[in-house]
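Asker: Dumping the structure here so I can ask a few things about it.
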Amino acid sequence: MNILQVNSSARAAASASTRVANSIVERLRAANPGASLVVCDLSSTPHPILDEAALGALFTPAEQRTSEQAARVALDDALIAEIQAADAVVLGVPMYNFGVPAQLKNWIDAIARANVTFRYTANGPEGLLKGKKVYIAFARGGKYRGTEGDSQVPYLKTVLGFLGMTDISFVFAEGLAMGPEAEQQAFADAQRDIEAAFA
């Protein structure tokens, strides 16, 4: 098994979402002792935004790209190669102002490439990143699970499903900013979600 862990928190070692993602990876590796692990830390190595220069590079035929354009496309290619090779994907996702971090959006923009990770057919779009198990570790200061305030779950289900990843387990650590007892309960709840995902 090849595991890809993507940490999207702006907080490196102190990240709650990374802590929960690490717990999921530990559970995966315990169940698959020979598994390999690739960690994509978007805090220490943030991916550039999809801007006009990046679009220009992507839409320029490979043989016509400048060295700068080729280098920019290569950054996206590396992330695509990582997720193509993965059997299991673990995303650490904090909630920033009711959305996903910009770092994670940049990663998604990088891996979503027409005719590589999805394609349009006569029957509509088809995701090409199939056969992968995805675990999403959420960390939130408040409690939003199952409410209208949770824009993260619908967004990630939609975009990952568009790319062909539909087998998704969600793990929630919520109420982390609501006091020490709530924080302790949040991580306990997350552990229960993890156990349920592997049951």
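Ligands are numbered from 1 in the order shown, chains are lettered A, B, ... in the order of the structure tokens, and residues start at 1 in each chain.
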Apply DSSP to the structure's backbone, then extract all residues of chain A labelled strand (DSSP E) and return them as number ranges by chain.

Answerer: A: 2-7, 36-41, 88-94, 118-121, 124-127, 133-139, 167-173

Asker: Limited to N, CA and C atoms, could you put the picked residues into a file as a tab-separated table (two decimals), in the first residue's frame?

Answerer:
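Ended up saving to selection.tsv:
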```
chain	number	residue	atom	x	y	z
A	2	ASN	N	0.49	2.20	-0.83
A	2	ASN	CA	1.14	3.51	-0.86
A	2	ASN	C	0.20	4.53	-0.22
A	3	ILE	N	0.67	5.20	0.82
A	3	ILE	CA	-0.13	6.19	1.54
A	3	ILE	C	0.39	7.58	1.21
A	4	LEU	N	-0.52	8.48	0.88
A	4	LEU	CA	-0.18	9.89	0.68
A	4	LEU	C	-0.88	10.69	1.76
A	5	GLN	N	-0.10	11.38	2.58
A	5	GLN	CA	-0.65	12.27	3.61
A	5	GLN	C	-0.43	13.71	3.19
A	6	VAL	N	-1.51	14.47	3.12
A	6	VAL	CA	-1.45	15.88	2.73
A	6	VAL	C	-1.87	16.72	3.93
A	7	ASN	N	-0.92	17.47	4.48
A	7	ASN	CA	-1.20	18.36	5.61
A	7	ASN	C	-1.38	19.78	5.09
A	36	SER	N	4.16	2.14	2.29
A	36	SER	CA	5.05	3.29	2.13
A	36	SER	C	4.26	4.56	2.41
A	37	LEU	N	4.95	5.60	2.84
A	37	LEU	CA	4.29	6.86	3.18
A	37	LEU	C	4.99	8.03	2.53
A	38	VAL	N	4.21	8.86	1.84
A	38	VAL	CA	4.70	10.12	1.30
A	38	VAL	C	3.92	11.23	2.01
A	39	VAL	N	4.62	12.18	2.59
A	39	VAL	CA	3.98	13.30	3.28
A	39	VAL	C	4.17	14.57	2.46
A	40	CYS	N	3.06	15.17	2.09
A	40	CYS	CA	3.06	16.45	1.37
A	40	CYS	C	2.62	17.51	2.38
A	41	ASP	N	3.58	18.27	2.90
A	41	ASP	CA	3.30	19.27	3.92
A	41	ASP	C	3.20	20.64	3.25
A	88	ALA	N	-4.05	4.99	-0.66
A	88	ALA	CA	-4.81	5.65	0.40
A	88	ALA	C	-4.33	7.09	0.51
A	89	VAL	N	-5.29	8.01	0.67
A	89	VAL	CA	-4.98	9.43	0.77
A	89	VAL	C	-5.54	9.94	2.10
A	90	VAL	N	-4.70	10.60	2.88
A	90	VAL	CA	-5.11	11.16	4.16
A	90	VAL	C	-4.93	12.67	4.10
A	91	LEU	N	-6.03	13.40	4.23
A	91	LEU	CA	-5.98	14.86	4.17
A	91	LEU	C	-6.19	15.44	5.56
A	92	GLY	N	-5.28	16.29	6.00
A	92	GLY	CA	-5.46	17.05	7.23
A	92	GLY	C	-6.03	18.41	6.89
A	93	VAL	N	-7.26	18.68	7.38
A	93	VAL	CA	-7.99	19.86	6.92
A	93	VAL	C	-8.53	20.68	8.10
A	94	PRO	N	-7.87	21.77	8.48
A	94	PRO	CA	-8.47	22.68	9.45
A	94	PRO	C	-9.56	23.52	8.78
A	118	PHE	N	-9.07	13.83	-14.71
A	118	PHE	CA	-10.49	13.76	-15.08
A	118	PHE	C	-10.60	14.01	-16.57
A	119	ARG	N	-11.73	13.63	-17.13
A	119	ARG	CA	-11.97	13.91	-18.54
A	119	ARG	C	-13.46	14.09	-18.77
A	120	TYR	N	-13.78	14.80	-19.82
A	120	TYR	CA	-15.16	14.99	-20.21
A	120	TYR	C	-15.50	13.98	-21.30
A	121	THR	N	-16.64	13.31	-21.13
A	121	THR	CA	-17.08	12.32	-22.10
A	121	THR	C	-18.47	12.69	-22.59
A	124	GLY	N	-20.76	12.90	-19.78
A	124	GLY	CA	-20.42	13.80	-18.69
A	124	GLY	C	-19.01	13.57	-18.19
A	125	PRO	N	-18.61	14.26	-17.14
A	125	PRO	CA	-17.24	14.13	-16.64
A	125	PRO	C	-16.98	12.77	-16.01
A	126	GLU	N	-15.74	12.32	-16.13
A	126	GLU	CA	-15.31	11.05	-15.53
A	126	GLU	C	-14.02	11.28	-14.76
A	127	GLY	N	-14.02	10.94	-13.48
A	127	GLY	CA	-12.81	11.04	-12.68
A	127	GLY	C	-11.87	9.90	-12.99
A	133	LYS	N	-8.76	4.95	-1.42
A	133	LYS	CA	-9.49	5.20	-0.17
A	133	LYS	C	-9.00	6.53	0.39
A	134	VAL	N	-9.94	7.41	0.71
A	134	VAL	CA	-9.60	8.74	1.22
A	134	VAL	C	-10.11	8.89	2.65
A	135	TYR	N	-9.24	9.42	3.50
A	135	TYR	CA	-9.60	9.76	4.87
A	135	TYR	C	-9.37	11.27	5.03
A	136	ILE	N	-10.38	11.96	5.56
A	136	ILE	CA	-10.24	13.41	5.76
A	136	ILE	C	-10.33	13.71	7.24
A	137	ALA	N	-9.26	14.30	7.78
A	137	ALA	CA	-9.16	14.65	9.20
A	137	ALA	C	-9.48	16.13	9.37
A	138	PHE	N	-10.65	16.42	9.91
A	138	PHE	CA	-11.07	17.80	10.12
A	138	PHE	C	-10.71	18.25	11.54
A	139	ALA	N	-10.26	19.49	11.67
A	139	ALA	CA	-10.04	20.11	12.98
A	139	ALA	C	-10.72	21.47	12.97
A	167	ASP	N	-14.72	6.95	-2.28
A	167	ASP	CA	-14.69	6.17	-1.04
A	167	ASP	C	-13.99	7.01	0.02
A	168	ILE	N	-14.78	7.79	0.76
A	168	ILE	CA	-14.24	8.79	1.68
A	168	ILE	C	-14.76	8.54	3.09
A	169	SER	N	-13.86	8.56	4.06
A	169	SER	CA	-14.23	8.53	5.47
A	169	SER	C	-13.87	9.87	6.10
A	170	PHE	N	-14.79	10.41	6.89
A	170	PHE	CA	-14.59	11.70	7.53
A	170	PHE	C	-14.33	11.52	9.02
A	171	VAL	N	-13.32	12.21	9.52
A	171	VAL	CA	-12.96	12.17	10.94
A	171	VAL	C	-12.99	13.60	11.46
A	172	PHE	N	-13.70	13.81	12.57
A	172	PHE	CA	-13.92	15.17	13.06
A	172	PHE	C	-13.35	15.37	14.46
A	173	ALA	N	-12.53	16.40	14.61
A	173	ALA	CA	-12.13	16.91	15.92
A	173	ALA	C	-12.72	18.32	16.00
```

Asker: Just list as number ranges by chain whatever in region 3-175 of chain A DSSP marks as alpha helix (DSSP H).

Answerer: A: 16-31, 52-58, 67-85, 102-111, 152-162

Asker: Glu174 (chain A): which residues within 6 Å, counting only C-alpha atoms, same-chain residues fewer than 6 positions away excluded, as a VMD selection string?

Answerer: chain A and resid 139 to 140 142 to 143 186

Asker: Would you write out those residues with N, CA, C and O atoms, as a PDB file, in the first residue's frame?

Answerer:
```pdb
ATOM      1  N   ALA A 139     -10.260  19.494  11.672  1.00  0.00           N
ATOM      2  CA  ALA A 139     -10.037  20.112  12.977  1.00  0.00           C
ATOM      3  C   ALA A 139     -10.724  21.472  12.966  1.00  0.00           C
ATOM      4  O   ALA A 139     -10.469  22.292  12.073  1.00  0.00           O
ATOM      5  N   ARG A 140     -11.583  21.697  13.965  1.00  0.00           N
ATOM      6  CA  ARG A 140     -12.396  22.913  13.968  1.00  0.00           C
ATOM      7  C   ARG A 140     -12.495  23.476  15.380  1.00  0.00           C
ATOM      8  O   ARG A 140     -12.642  22.737  16.356  1.00  0.00           O
ATOM      9  N   GLY A 142     -14.996  25.396  16.461  1.00  0.00           N
ATOM     10  CA  GLY A 142     -16.388  25.235  16.867  1.00  0.00           C
ATOM     11  C   GLY A 142     -16.925  23.888  16.432  1.00  0.00           C
ATOM     12  O   GLY A 142     -16.171  22.993  16.036  1.00  0.00           O
ATOM     13  N   LYS A 143     -18.246  23.757  16.500  1.00  0.00           N
ATOM     14  CA  LYS A 143     -18.899  22.497  16.129  1.00  0.00           C
ATOM     15  C   LYS A 143     -19.833  22.748  14.942  1.00  0.00           C
ATOM     16  O   LYS A 143     -20.819  23.473  15.074  1.00  0.00           O
ATOM     17  N   ALA A 186     -12.858  16.489  21.840  1.00  0.00           N
ATOM     18  CA  ALA A 186     -12.727  16.556  20.390  1.00  0.00           C
ATOM     19  C   ALA A 186     -11.798  15.463  19.866  1.00  0.00           C
ATOM     20  O   ALA A 186     -12.101  14.784  18.870  1.00  0.00           O
TER      21      ALA A 186
END
```

Asker: Residues at most 6 Å from Thr117 (chain A), counting only C-alpha atoms, excluding those fewer than 6 positions away in the same chain, as JSON, numbers by chain?

Answerer: {"A": [128, 129, 163]}

Asker: Here is a test: counting only C-alpha atoms, which residue of A:Arg65, A:Arg27, A:Lys105, A:Arg72 is nearest to Leu156 (chain A)?

Answerer: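 For Leu156 (chain A), the nearest of the candidates is A:Lys105.
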
Asker: Give the answer as one residue: which of A:Asp150, A:Glu195, A:Gly161, A:Ala10 has the shortest atom-to-atom distance to Ser44 (chain A), using only C-alpha atoms?

Answerer: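 Counting only C-alpha atoms, the residue closest to Ser44 (chain A) is A:Ala10.
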
Asker: Out of A:Ala35, A:Arg11, A:Ala102, A:Met1, which residue has the shortest atom-to-atom distance to Ile49 (chain A) when counting only C-alpha atoms?

Answerer: A:Ala102

Asker: Can you tell me, as a VMD selection string, what residues are no more than 8 Å from Gly131 (chain A) when counting only C-alpha atoms, ignoring any on the same chain fewer than 6 positions away?

Answerer: chain A and resid 87 164 to 165
